[in-house]
file input-v9.txt (compact mmCIF, C-alpha atoms)
# COMPACT_ATOMS: atom_id res chain seq x y z
CA MET B 1 -29.57 -17.41 37.20
CA ALA B 2 -30.47 -16.31 33.73
CA PRO B 3 -27.74 -17.26 31.26
CA LYS B 4 -25.60 -14.15 30.62
CA ASP B 5 -22.28 -13.91 28.76
CA ARG B 6 -20.59 -17.13 29.82
CA LYS B 7 -16.84 -17.53 29.68
CA PRO B 8 -15.85 -20.67 27.72
CA HIS B 9 -15.39 -23.48 30.27
CA VAL B 10 -11.79 -24.29 31.22
CA SER B 11 -11.06 -27.94 31.99
CA ARG B 12 -10.44 -28.84 35.62
CA ASN B 13 -8.18 -31.68 34.48
CA PRO B 14 -4.87 -30.28 33.23
CA ASP B 15 -2.99 -32.24 30.53
CA LEU B 16 0.18 -34.05 31.44
CA ILE B 17 0.75 -34.78 27.76
CA ARG B 18 -1.81 -34.49 24.98
CA GLY B 19 -4.42 -37.15 25.68
CA VAL B 20 -3.43 -37.91 29.28
CA GLY B 21 -5.04 -35.96 32.12
CA LYS B 22 -3.59 -35.45 35.55
CA TYR B 23 -6.60 -36.78 37.44
CA SER B 24 -8.26 -40.21 37.25
CA ARG B 25 -11.95 -40.79 36.61
CA SER B 26 -12.75 -41.14 40.30
CA LYS B 27 -10.79 -38.02 41.21
CA MET B 28 -12.60 -36.05 38.47
CA TYR B 29 -15.97 -37.33 39.74
CA HIS B 30 -15.10 -35.83 43.07
CA LYS B 31 -13.68 -32.60 41.62
CA ARG B 32 -16.73 -31.90 39.46
CA GLY B 33 -18.96 -32.28 42.48
CA LEU B 34 -21.17 -34.92 40.92
CA TRP B 35 -21.50 -36.47 44.43
CA ALA B 36 -22.99 -33.19 45.67
CA ILE B 37 -25.43 -32.98 42.74
CA LYS B 38 -26.53 -36.56 43.43
CA ALA B 39 -26.94 -35.90 47.13
CA LYS B 40 -29.03 -32.81 46.39
CA ASN B 41 -31.28 -34.91 44.16
CA GLY B 42 -31.80 -37.77 46.64
CA GLY B 43 -29.22 -40.33 45.53
CA ALA B 44 -29.72 -40.35 41.76
CA PHE B 45 -28.52 -38.04 39.01
CA PRO B 46 -31.23 -35.52 38.02
CA LYS B 47 -32.95 -36.38 34.76
CA HIS B 48 -35.32 -34.49 32.60
CA GLU B 49 -37.97 -36.11 30.49
CA LYS B 50 -37.36 -36.53 26.83
CA GLN B 51 -39.16 -33.96 24.72
CA ALA B 52 -41.81 -35.53 22.56
CA VAL B 53 -40.58 -35.76 18.99
CA ALA B 54 -43.12 -34.40 16.53
CA ALA B 55 -44.16 -37.12 14.05
CA ALA B 56 -42.16 -36.60 10.85
CA PRO B 57 -44.30 -36.24 7.70
CA VAL B 58 -44.62 -39.58 5.90
CA GLU B 59 -42.28 -39.72 2.89
CA LYS B 60 -43.58 -41.53 -0.15
CA PRO B 61 -41.16 -43.86 -1.93
CA PRO B 62 -39.91 -42.18 -5.15
CA LYS B 63 -41.57 -43.02 -8.47
CA PHE B 64 -38.34 -43.04 -10.40
CA TYR B 65 -34.91 -44.50 -9.62
CA PRO B 66 -32.17 -43.51 -12.11
CA ALA B 67 -30.43 -46.47 -13.82
CA ASP B 68 -26.87 -45.33 -13.03
CA ASP B 69 -25.71 -43.52 -9.93
CA VAL B 70 -26.00 -39.78 -10.32
CA LYS B 71 -22.88 -37.96 -9.14
CA LYS B 72 -23.36 -35.14 -6.66
CA PRO B 73 -21.37 -31.97 -7.31
CA LEU B 74 -18.63 -31.27 -4.77
CA VAL B 75 -19.32 -28.88 -1.90
CA ASN B 76 -18.27 -25.29 -2.66
CA LYS B 77 -18.23 -22.95 0.34
CA ARG B 78 -16.57 -20.01 -1.42
CA LYS B 79 -18.26 -16.66 -1.05
CA ALA B 80 -18.19 -13.95 -3.67
CA ARG B 81 -16.51 -10.83 -2.38
CA PRO B 82 -15.06 -7.71 -4.00
CA THR B 83 -11.46 -7.86 -5.23
CA LYS B 84 -8.82 -7.39 -2.56
CA LEU B 85 -7.83 -3.72 -2.52
CA ARG B 86 -4.13 -2.99 -2.67
CA ALA B 87 -2.86 -1.60 0.66
CA SER B 88 -1.62 1.53 -1.09
CA ILE B 89 -5.14 2.47 -2.25
CA THR B 90 -7.14 4.20 0.51
CA PRO B 91 -10.02 6.69 0.17
CA GLY B 92 -8.55 10.00 -0.99
CA THR B 93 -5.52 8.53 -2.78
CA VAL B 94 -4.51 10.11 -6.06
CA LEU B 95 -4.46 7.41 -8.76
CA ILE B 96 -2.98 7.47 -12.26
CA ILE B 97 -5.28 5.85 -14.84
CA LEU B 98 -3.34 3.80 -17.34
CA ALA B 99 -5.81 2.87 -20.07
CA GLY B 100 -8.95 4.09 -21.74
CA ARG B 101 -9.81 7.60 -22.92
CA PHE B 102 -8.54 9.06 -19.64
CA LYS B 103 -5.12 7.40 -19.73
CA GLY B 104 -2.49 9.36 -17.86
CA LYS B 105 -5.04 11.38 -15.91
CA ARG B 106 -4.47 11.82 -12.21
CA VAL B 107 -7.68 11.18 -10.37
CA VAL B 108 -9.04 10.97 -6.79
CA PHE B 109 -10.15 7.60 -5.41
CA LEU B 110 -13.46 7.64 -3.50
CA LYS B 111 -14.42 4.09 -2.57
CA GLN B 112 -14.49 0.50 -3.74
CA LEU B 113 -17.87 -0.71 -5.03
CA THR B 114 -19.29 -4.15 -4.29
CA SER B 115 -18.31 -5.36 -7.76
CA GLY B 116 -14.67 -4.67 -6.88
CA LEU B 117 -14.30 -1.69 -9.21
CA LEU B 118 -12.98 1.58 -7.86
CA LEU B 119 -15.23 4.67 -7.77
CA VAL B 120 -13.19 7.60 -8.93
CA THR B 121 -13.70 11.28 -9.79
CA GLY B 122 -11.49 13.89 -11.56
CA PRO B 123 -12.81 16.18 -10.05
CA PHE B 124 -14.66 16.97 -13.26
CA LYS B 125 -13.84 20.68 -13.19
CA ILE B 126 -10.13 20.04 -12.89
CA ASN B 127 -9.45 17.35 -15.43
CA GLY B 128 -12.70 16.29 -17.09
CA VAL B 129 -12.94 12.87 -15.46
CA PRO B 130 -16.52 12.40 -14.18
CA LEU B 131 -17.68 10.04 -11.45
CA ARG B 132 -16.53 6.81 -13.00
CA ARG B 133 -15.69 3.22 -12.27
CA VAL B 134 -12.17 1.96 -12.92
CA ASN B 135 -10.53 -1.43 -12.48
CA GLN B 136 -7.78 -1.67 -9.91
CA SER B 137 -5.43 -3.33 -12.39
CA TYR B 138 -5.40 -0.31 -14.70
CA VAL B 139 -4.31 2.10 -12.04
CA ILE B 140 -1.09 3.22 -10.36
CA ALA B 141 -1.55 4.36 -6.77
CA THR B 142 0.56 7.37 -5.82
CA SER B 143 1.37 8.17 -2.22
CA THR B 144 -0.39 11.55 -2.44
CA LYS B 145 -3.60 11.67 -0.41
CA VAL B 146 -6.47 14.16 -0.53
CA ASP B 147 -8.72 14.82 2.45
CA ILE B 148 -12.01 13.16 1.56
CA SER B 149 -13.91 13.55 4.82
CA GLY B 150 -16.37 16.12 3.52
CA VAL B 151 -17.63 13.93 0.68
CA ASN B 152 -20.70 11.69 0.92
CA VAL B 153 -20.36 8.69 -1.40
CA GLU B 154 -23.02 6.47 0.13
CA LYS B 155 -25.52 6.67 -2.71
CA PHE B 156 -23.19 5.44 -5.48
CA ASP B 157 -23.18 1.76 -6.30
CA ASP B 158 -22.86 -0.41 -9.39
CA LYS B 159 -26.51 0.02 -10.36
CA TYR B 160 -26.04 3.79 -10.62
CA PHE B 161 -23.52 3.19 -13.39
CA GLY B 162 -25.38 0.45 -15.22
CA LYS B 163 -26.75 0.90 -18.73
CA LYS B 164 -30.27 2.24 -18.84
CA VAL B 165 -32.77 -0.31 -20.16
CA GLU B 166 -35.00 1.20 -22.83
CA LYS B 167 -38.57 0.15 -23.32
CA LYS B 168 -39.07 -1.57 -26.63
CA LYS B 169 -40.89 0.61 -29.08
CA LYS B 170 -43.41 -0.67 -31.52
CA LYS B 171 -41.95 -1.13 -34.93
CA GLY B 172 -42.48 1.91 -37.12
CA GLU B 173 -40.84 2.92 -40.34
CA GLY B 174 -38.91 5.92 -41.60
CA GLU B 175 -39.44 8.31 -38.68
CA PHE B 176 -38.24 5.62 -36.26
CA PHE B 177 -34.51 6.35 -36.64
CA GLU B 178 -34.70 10.11 -36.25
CA ALA B 179 -36.71 9.91 -33.04
CA GLU B 180 -34.14 7.60 -31.38
CA LYS B 181 -31.15 9.81 -32.09
CA GLU B 182 -32.61 12.86 -30.40
CA GLU B 183 -33.17 11.12 -27.07
CA LYS B 184 -29.89 9.37 -26.37
CA ASN B 185 -27.07 11.86 -26.05
CA THR B 186 -27.75 14.06 -23.01
CA LEU B 187 -26.72 13.19 -19.44
CA PRO B 188 -29.66 13.34 -17.01
CA GLN B 189 -29.59 16.44 -14.81
CA ASP B 190 -29.50 14.51 -11.54
CA LYS B 191 -26.20 12.89 -12.50
CA LYS B 192 -24.75 16.32 -13.21
CA ASP B 193 -25.95 17.48 -9.79
CA ASP B 194 -24.37 14.45 -8.12
CA GLN B 195 -21.07 15.29 -9.81
CA LYS B 196 -21.28 18.88 -8.62
CA SER B 197 -22.04 17.99 -5.02
CA VAL B 198 -19.20 15.45 -4.78
CA ASP B 199 -16.75 17.82 -6.41
CA ALA B 200 -17.67 20.83 -4.29
CA ALA B 201 -16.39 19.26 -1.09
CA LEU B 202 -13.36 17.79 -2.85
CA LEU B 203 -12.34 21.06 -4.50
CA ALA B 204 -12.18 22.79 -1.13
CA SER B 205 -9.68 20.28 0.24
CA ILE B 206 -7.71 20.22 -3.02
CA GLU B 207 -7.25 23.97 -3.13
CA ALA B 208 -5.91 23.86 0.41
CA VAL B 209 -2.73 22.15 -0.86
CA PRO B 210 -0.54 24.36 -3.11
CA ASP B 211 -0.02 23.08 -6.69
CA LEU B 212 -2.33 20.08 -6.15
CA LYS B 213 -4.94 21.50 -8.52
CA ASN B 214 -2.39 21.88 -11.31
CA TYR B 215 -1.05 18.43 -10.51
CA LEU B 216 -4.47 16.83 -10.93
CA GLY B 217 -5.04 18.79 -14.14
CA ALA B 218 -1.84 17.53 -15.77
CA ARG B 219 -1.46 14.12 -17.40
CA PHE B 220 1.26 11.68 -16.39
CA SER B 221 3.72 10.47 -19.01
CA LEU B 222 7.02 8.66 -19.01
CA LYS B 223 9.87 10.93 -20.04
CA ALA B 224 13.43 10.10 -21.05
CA GLY B 225 15.43 8.59 -18.23
CA MET B 226 12.42 7.58 -16.13
CA LYS B 227 12.60 3.94 -15.18
CA PRO B 228 9.20 2.73 -13.90
CA HIS B 229 10.71 -0.01 -11.74
CA GLU B 230 12.91 2.57 -9.98
CA LEU B 231 10.31 5.33 -9.67
CA VAL B 232 8.66 5.91 -6.33
CA PHE B 233 5.03 6.85 -6.88
CA PRO Y 1 50.93 9.76 -7.30
CA PHE Y 2 48.66 8.34 -4.57
CA LYS Y 3 47.04 10.65 -2.10
CA ARG Y 4 44.62 8.40 -0.16
CA TYR Y 5 46.29 5.50 1.62
CA VAL Y 6 44.87 2.47 3.40
CA GLU Y 7 45.80 3.09 7.03
CA ILE Y 8 44.23 2.52 10.38
CA GLY Y 9 41.60 5.20 10.81
CA ARG Y 10 40.95 5.78 7.07
CA ILE Y 11 37.23 6.29 6.37
CA ALA Y 12 35.95 4.36 3.36
CA LEU Y 13 32.66 4.09 1.51
CA VAL Y 14 31.28 0.60 0.93
CA ASN Y 15 30.51 0.21 -2.78
CA TYR Y 16 29.20 -3.37 -2.98
CA GLY Y 17 27.22 -5.76 -0.88
CA LYS Y 18 24.85 -5.71 2.04
CA ASP Y 19 26.25 -2.49 3.53
CA TYR Y 20 26.25 -0.57 0.24
CA GLY Y 21 26.57 3.18 0.76
CA LYS Y 22 27.79 3.06 4.36
CA LEU Y 23 30.76 4.92 5.72
CA VAL Y 24 33.15 2.60 7.59
CA VAL Y 25 36.48 2.96 9.36
CA ILE Y 26 39.45 0.71 8.51
CA VAL Y 27 40.41 -0.63 11.90
CA ASP Y 28 43.06 -3.19 10.95
CA VAL Y 29 44.58 -4.81 7.86
CA ILE Y 30 44.20 -8.58 7.69
CA ASP Y 31 46.25 -9.43 4.63
CA GLN Y 32 46.92 -8.12 1.14
CA ASN Y 33 43.25 -8.13 0.17
CA ARG Y 34 41.18 -7.70 3.29
CA ALA Y 35 40.70 -5.20 6.05
CA LEU Y 36 38.97 -5.31 9.39
CA VAL Y 37 36.27 -2.69 9.20
CA ASP Y 38 33.97 -1.09 11.77
CA ALA Y 39 31.20 1.51 11.96
CA PRO Y 40 29.06 2.82 14.82
CA ASP Y 41 25.97 0.96 13.61
CA MET Y 42 27.43 -2.35 12.49
CA VAL Y 43 29.26 -5.36 13.91
CA ARG Y 44 33.01 -5.21 13.28
CA GLY Y 45 33.92 -7.54 10.39
CA GLN Y 46 36.21 -8.16 7.47
CA MET Y 47 35.78 -6.70 4.03
CA ASN Y 48 37.72 -7.03 0.81
CA PHE Y 49 39.43 -3.83 -0.32
CA LYS Y 50 37.63 -4.18 -3.63
CA ARG Y 51 34.40 -3.43 -1.79
CA LEU Y 52 35.76 -0.19 -0.36
CA THR Y 53 36.38 3.20 -1.88
CA LEU Y 54 38.75 5.35 0.17
CA THR Y 55 37.74 8.89 1.16
CA ASP Y 56 39.83 11.87 2.23
CA ILE Y 57 38.74 11.61 5.84
CA LYS Y 58 40.98 10.01 8.48
CA ILE Y 59 40.49 9.66 12.21
CA ASP Y 60 43.00 9.17 14.98
CA ILE Y 61 42.65 5.69 16.49
CA LYS Y 62 44.89 2.86 17.64
CA ARG Y 63 44.66 -0.61 16.02
CA VAL Y 64 41.19 -2.22 16.70
CA PRO Y 65 39.66 0.13 19.25
CA ASN Y 66 36.50 -0.81 21.16
CA LYS Y 67 33.20 0.58 19.99
CA LYS Y 68 33.10 3.34 22.60
CA THR Y 69 36.56 4.66 21.70
CA LEU Y 70 35.74 4.42 18.02
CA ILE Y 71 32.56 6.46 18.36
CA ALA Y 72 34.39 9.05 20.51
CA ALA Y 73 37.14 9.38 17.91
CA MET Y 74 34.58 9.81 15.14
CA GLU Y 75 32.87 12.56 17.10
CA ALA Y 76 36.19 14.25 17.76
CA ALA Y 77 37.11 14.28 14.07
CA ASP Y 78 33.54 15.32 13.15
CA VAL Y 79 33.33 12.73 10.39
CA LYS Y 80 29.61 13.13 9.78
CA ASN Y 81 29.70 16.85 9.09
CA LYS Y 82 32.92 16.68 7.08
CA TRP Y 83 31.35 14.02 4.89
CA GLU Y 84 28.03 15.80 4.45
CA ASN Y 85 29.76 19.04 3.49
CA SER Y 86 32.18 17.46 1.04
CA SER Y 87 31.13 17.60 -2.60
CA TRP Y 88 31.15 13.78 -2.82
CA GLY Y 89 28.92 13.48 0.23
CA ARG Y 90 26.55 16.16 -1.00
CA LYS Y 91 26.21 14.43 -4.38
CA LEU Y 92 25.21 11.17 -2.70
CA ILE Y 93 22.63 12.94 -0.58
CA VAL Y 94 21.10 14.56 -3.66
CA GLN Y 95 21.00 11.21 -5.47
CA LYS Y 96 19.17 9.63 -2.54
CA LYS Y 97 16.70 12.50 -2.40
CA ARG Y 98 15.98 12.26 -6.12
CA ALA Y 99 15.41 8.52 -5.91
CA SER Y 100 12.85 8.92 -3.14
CA LEU Y 101 10.78 11.59 -4.89
CA ASN Y 102 7.03 11.19 -5.05
CA ASP Y 103 5.10 11.70 -8.32
CA PHE Y 104 3.69 14.92 -6.83
CA ASP Y 105 7.21 16.03 -5.81
CA ARG Y 106 8.45 15.49 -9.34
CA PHE Y 107 5.60 17.66 -10.62
CA LYS Y 108 6.45 20.44 -8.16
CA ILE Y 109 10.12 20.28 -9.18
CA MET Y 110 9.13 20.59 -12.83
CA LEU Y 111 7.16 23.75 -12.05
CA ALA Y 112 10.06 25.16 -10.03
CA LYS Y 113 12.54 24.45 -12.85
CA ILE Y 114 10.34 26.19 -15.40
CA LYS Y 115 9.96 29.19 -13.10
CA LYS Y 116 13.70 29.43 -12.49
CA ALA Y 117 14.45 29.13 -16.19
CA GLY Y 118 11.97 31.91 -16.86
CA VAL Y 119 13.65 34.25 -14.39
CA VAL Y 120 17.11 33.45 -15.77
CA ARG Y 121 15.93 34.07 -19.31
CA GLN Y 122 14.48 37.44 -18.34
CA GLU Y 123 17.76 38.50 -16.77
CA LEU Y 124 19.66 37.31 -19.82
CA ALA Y 125 17.35 39.28 -22.10
CA LYS Y 126 17.94 42.38 -19.98
CA LEU Y 127 21.70 41.97 -20.12
CA LYS Y 128 21.59 41.38 -23.87
CA LYS Y 129 19.58 44.55 -24.35
CA GLU Y 130 22.10 46.54 -22.32
CA ALA Y 131 24.98 45.07 -24.27
CA THR Y 132 23.55 46.01 -27.64
CA ALA Y 133 22.27 49.40 -26.47
call {"tool": "encode", "arguments": {"input": "input-v9.txt", "output": "structure tokens"}}
result
Amino acid sequence: MAPKDRKPHVSRNPDLIRGVGKYSRSKMYHKRGLWAIKAKNGGAFPKHEKQAVAAAPVEKPPKFYPADDVKKPLVNKRKARPTKLRASITPGTVLIILAGRFKGKRVVFLKQLTSGLLLVTGPFKINGVPLRRVNQSYVIATSTKVDISGVNVEKFDDKYFGKKVEKKKKKGEGEFFEAEKEEKNTLPQDKKDDQKSVDAALLASIEAVPDLKNYLGARFSLKAGMKPHELVF
Amino acid sequence: PFKRYVEIGRIALVNYGKDYGKLVVIVDVIDQNRALVDAPDMVRGQMNFKRLTLTDIKIDIKRVPNKKTLIAAMEAADVKNKWENSSWGRKLIVQKKRASLNDFDRFKIMLAKIKKAGVVRQELAKLKKEATA
């Protein structure tokens, strides 16, 4: 029979205690049916011939032996993976940004990028926060969720947000500085279009909930009498 | 001078400890400082009087009733509704609600307060105008 999904083999010799089986060697010989296999093969256990080992390439003795023993670095099997996401942060959660030029802004969480940073958007029309990356540590997760099913975030990754590498120009004089200034400041049109497409789907689900649009447009601040350790977000 | 007495059947509010905020019935008095206390959702046990605050509500039971009788007596006296309609009970419910408010809820409440204040101010302005007119 062709080997299909095999169940892992269960031992025919149950343990009395760890290390001591119920059946002796001779009993197990009989149980496993080795006598039947031998009989089928004419009195001896079936063998197969050894596969010929390919001749290993001849290794030359090294030219150089170091004077002292060189220490090998220890084995490191750790894998790099994105930061563990807090359980309270799921796609569609409203987050409060705590630092940077958008501090206090309430913002919608889209997904976690492979670097561990969170991809987040205002939406831009509501509070001026564009598609942006934010670190999990600078964020408070509220328990308010927005329906994010209509949004396609597949194309955004860390490279999308990286700094653009400029080609080095040949050294000029005088005119050099003016030319540089004109080019830098505008956002490329395709990024603006990406923002619009992401926000269009989001806005529809935000306007479905009363007051949510105003909520996202307002900044969060601590007022008198608010104790952060007692507040439920 | 005293209106609320420790007696068998007096309902008290626990103000300290593991059962903080629960309503319990005084089922027996152990000595000068402690009472045997019981509630439908807890195991009967002793509590110091200092941990209890007496309420106005009293139910009709004999000394140390079994759980079934206790629950029946509480239903008969309608303790739950009496408590929830009393001003003390209502205050506690409001406190709990406020403590559990979401950030979004707090925002909605702020909008509602501003709206209400606006309406009140309009009415006041109207009344003022009528008074001076």
call {"tool": "atom_distance", "arguments": {"input": "input-v9.txt", "atom1": "atom CA of Y:Asp78", "atom2": "atom CA of Y:Pro40"}}
result
13.4 Å
call {"tool": "closest_atom_pairs", "arguments": {"input": "input-v9.txt", "of": "chain B", "to": "chain Y", "cutoff": "9 Å", "atoms": "only C-alpha atoms", "output": "Markdown table"}}
result
| residue | atom | partner | partner_atom | distance |
| --- | --- | --- | --- | --- |
| B:Thr142 | CA | Y:Asp103 | CA | 6.8 |
| B:Ser143 | CA | Y:Asn102 | CA | 7.0 |
| B:Thr144 | CA | Y:Phe104 | CA | 6.9 |
| B:Asp211 | CA | Y:Lys108 | CA | 7.1 |
| B:Leu212 | CA | Y:Phe104 | CA | 8.0 |
| B:Tyr215 | CA | Y:Phe107 | CA | 6.7 |
| B:Phe220 | CA | Y:Asp103 | CA | 8.9 |
| B:Glu230 | CA | Y:Ala99 | CA | 7.6 |
| B:Leu231 | CA | Y:Ala99 | CA | 7.1 |
| B:Val232 | CA | Y:Asn102 | CA | 5.7 |
| B:Phe233 | CA | Y:Asp103 | CA | 5.1 |
call {"tool": "atom_distance", "arguments": {"input": "input-v9.txt", "atom1": "atom CA of Y:Lys67", "atom2": "atom CA of Y:Met47"}}
result
17.7 Å
call {"tool": "closest_residue", "arguments": {"input": "input-v9.txt", "among": "B:Ser11, B:Ser205, B:Gln136, B:Asn41", "to": "B:Gln112", "atoms": "all atoms listed in the file"}}
result
B:Gln136
call {"tool": "atom_distance", "arguments": {"input": "input-v9.txt", "atom1": "atom CA of Y:Lys22", "atom2": "atom CA of B:Lys227"}}
result
24.8 Å
call {"tool": "closest_residue", "arguments": {"input": "input-v9.txt", "among": "Y:Val64, Y:Val119, Y:Ile59, Y:Val27", "to": "Y:Ala76", "atoms": "only C-alpha atoms"}}
result
Y:Ile59
call {"tool": "residues_around", "arguments": {"input": "input-v9.txt", "residues": "Y:Pro65", "least_positions_apart": "3", "cutoff": "12 Å", "atoms": "only C-alpha atoms", "output": "ChimeraX atom specification"}}
result
/Y:8-9,25-28,36-40,44,59-62,68-74
call {"tool": "decode", "arguments": {"input": "input-v9.txt", "residues": "stretch 35-43 of chain Y", "atoms": "all heavy atoms", "output": "mmCIF file, in the first residue's frame"}}
result
data_model
loop_
_atom_site.group_PDB
_atom_site.id
_atom_site.type_symbol
_atom_site.label_atom_id
_atom_site.label_comp_id
_atom_site.auth_asym_id
_atom_site.auth_seq_id
_atom_site.Cartn_x
_atom_site.Cartn_y
_atom_site.Cartn_z
ATOM 1 N N ALA Y 35 -21.144 39.634 63.753
ATOM 2 C CA ALA Y 35 -22.468 39.122 63.408
ATOM 3 C C ALA Y 35 -22.296 37.982 62.419
ATOM 4 O O ALA Y 35 -21.318 37.923 61.676
ATOM 5 C CB ALA Y 35 -23.311 40.219 62.779
ATOM 6 N N LEU Y 36 -23.282 37.079 62.455
ATOM 7 C CA LEU Y 36 -23.338 36.051 61.417
ATOM 8 C C LEU Y 36 -24.150 36.637 60.281
ATOM 9 O O LEU Y 36 -25.248 37.157 60.503
ATOM 10 C CB LEU Y 36 -24.001 34.784 61.960
ATOM 11 C CG LEU Y 36 -23.890 33.557 61.076
ATOM 12 C CD1 LEU Y 36 -22.437 33.219 60.832
ATOM 13 C CD2 LEU Y 36 -24.612 32.393 61.711
ATOM 14 N N VAL Y 37 -23.602 36.539 59.079
ATOM 15 C CA VAL Y 37 -24.152 37.308 57.968
ATOM 16 C C VAL Y 37 -24.359 36.372 56.776
ATOM 17 O O VAL Y 37 -23.615 35.422 56.575
ATOM 18 C CB VAL Y 37 -23.141 38.451 57.662
ATOM 19 C CG1 VAL Y 37 -22.728 38.468 56.237
ATOM 20 C CG2 VAL Y 37 -23.680 39.772 58.135
ATOM 21 N N ASP Y 38 -25.405 36.624 55.991
ATOM 22 C CA ASP Y 38 -25.724 35.717 54.891
ATOM 23 C C ASP Y 38 -26.294 36.518 53.719
ATOM 24 O O ASP Y 38 -26.912 37.568 53.930
ATOM 25 C CB ASP Y 38 -26.750 34.669 55.364
ATOM 26 C CG ASP Y 38 -26.724 33.418 54.506
ATOM 27 O OD1 ASP Y 38 -25.988 33.399 53.498
ATOM 28 O OD2 ASP Y 38 -27.450 32.471 54.843
ATOM 29 N N ALA Y 39 -26.094 36.003 52.519
ATOM 30 C CA ALA Y 39 -26.677 36.629 51.328
ATOM 31 C C ALA Y 39 -26.969 35.515 50.324
ATOM 32 O O ALA Y 39 -26.369 34.449 50.404
ATOM 33 C CB ALA Y 39 -25.707 37.644 50.727
ATOM 34 N N PRO Y 40 -27.872 35.744 49.384
ATOM 35 C CA PRO Y 40 -28.238 34.660 48.465
ATOM 36 C C PRO Y 40 -27.058 34.117 47.671
ATOM 37 O O PRO Y 40 -27.027 32.954 47.311
ATOM 38 C CB PRO Y 40 -29.253 35.312 47.536
ATOM 39 C CG PRO Y 40 -29.790 36.441 48.276
ATOM 40 C CD PRO Y 40 -28.726 36.917 49.207
ATOM 41 N N ASP Y 41 -26.033 34.951 47.404
ATOM 42 C CA ASP Y 41 -24.951 34.476 46.552
ATOM 43 C C ASP Y 41 -23.655 34.280 47.299
ATOM 44 O O ASP Y 41 -22.586 34.296 46.724
ATOM 45 C CB ASP Y 41 -24.733 35.471 45.399
ATOM 46 C CG ASP Y 41 -24.377 36.852 45.922
ATOM 47 O OD1 ASP Y 41 -24.656 37.129 47.113
ATOM 48 O OD2 ASP Y 41 -23.825 37.654 45.161
ATOM 49 N N MET Y 42 -23.703 34.127 48.631
ATOM 50 C CA MET Y 42 -22.447 33.878 49.341
ATOM 51 C C MET Y 42 -22.656 32.835 50.424
ATOM 52 O O MET Y 42 -23.789 32.542 50.831
ATOM 53 C CB MET Y 42 -21.889 35.164 49.952
ATOM 54 C CG MET Y 42 -22.585 35.650 51.174
ATOM 55 S SD MET Y 42 -21.814 37.166 51.749
ATOM 56 C CE MET Y 42 -21.532 36.775 53.448
ATOM 57 N N VAL Y 43 -21.537 32.262 50.897
ATOM 58 C CA VAL Y 43 -21.596 31.300 51.983
ATOM 59 C C VAL Y 43 -21.778 32.059 53.283
ATOM 60 O O VAL Y 43 -21.130 33.078 53.507
ATOM 61 C CB VAL Y 43 -20.286 30.487 52.020
ATOM 62 C CG1 VAL Y 43 -20.307 29.511 53.163
ATOM 63 C CG2 VAL Y 43 -20.069 29.782 50.704
#
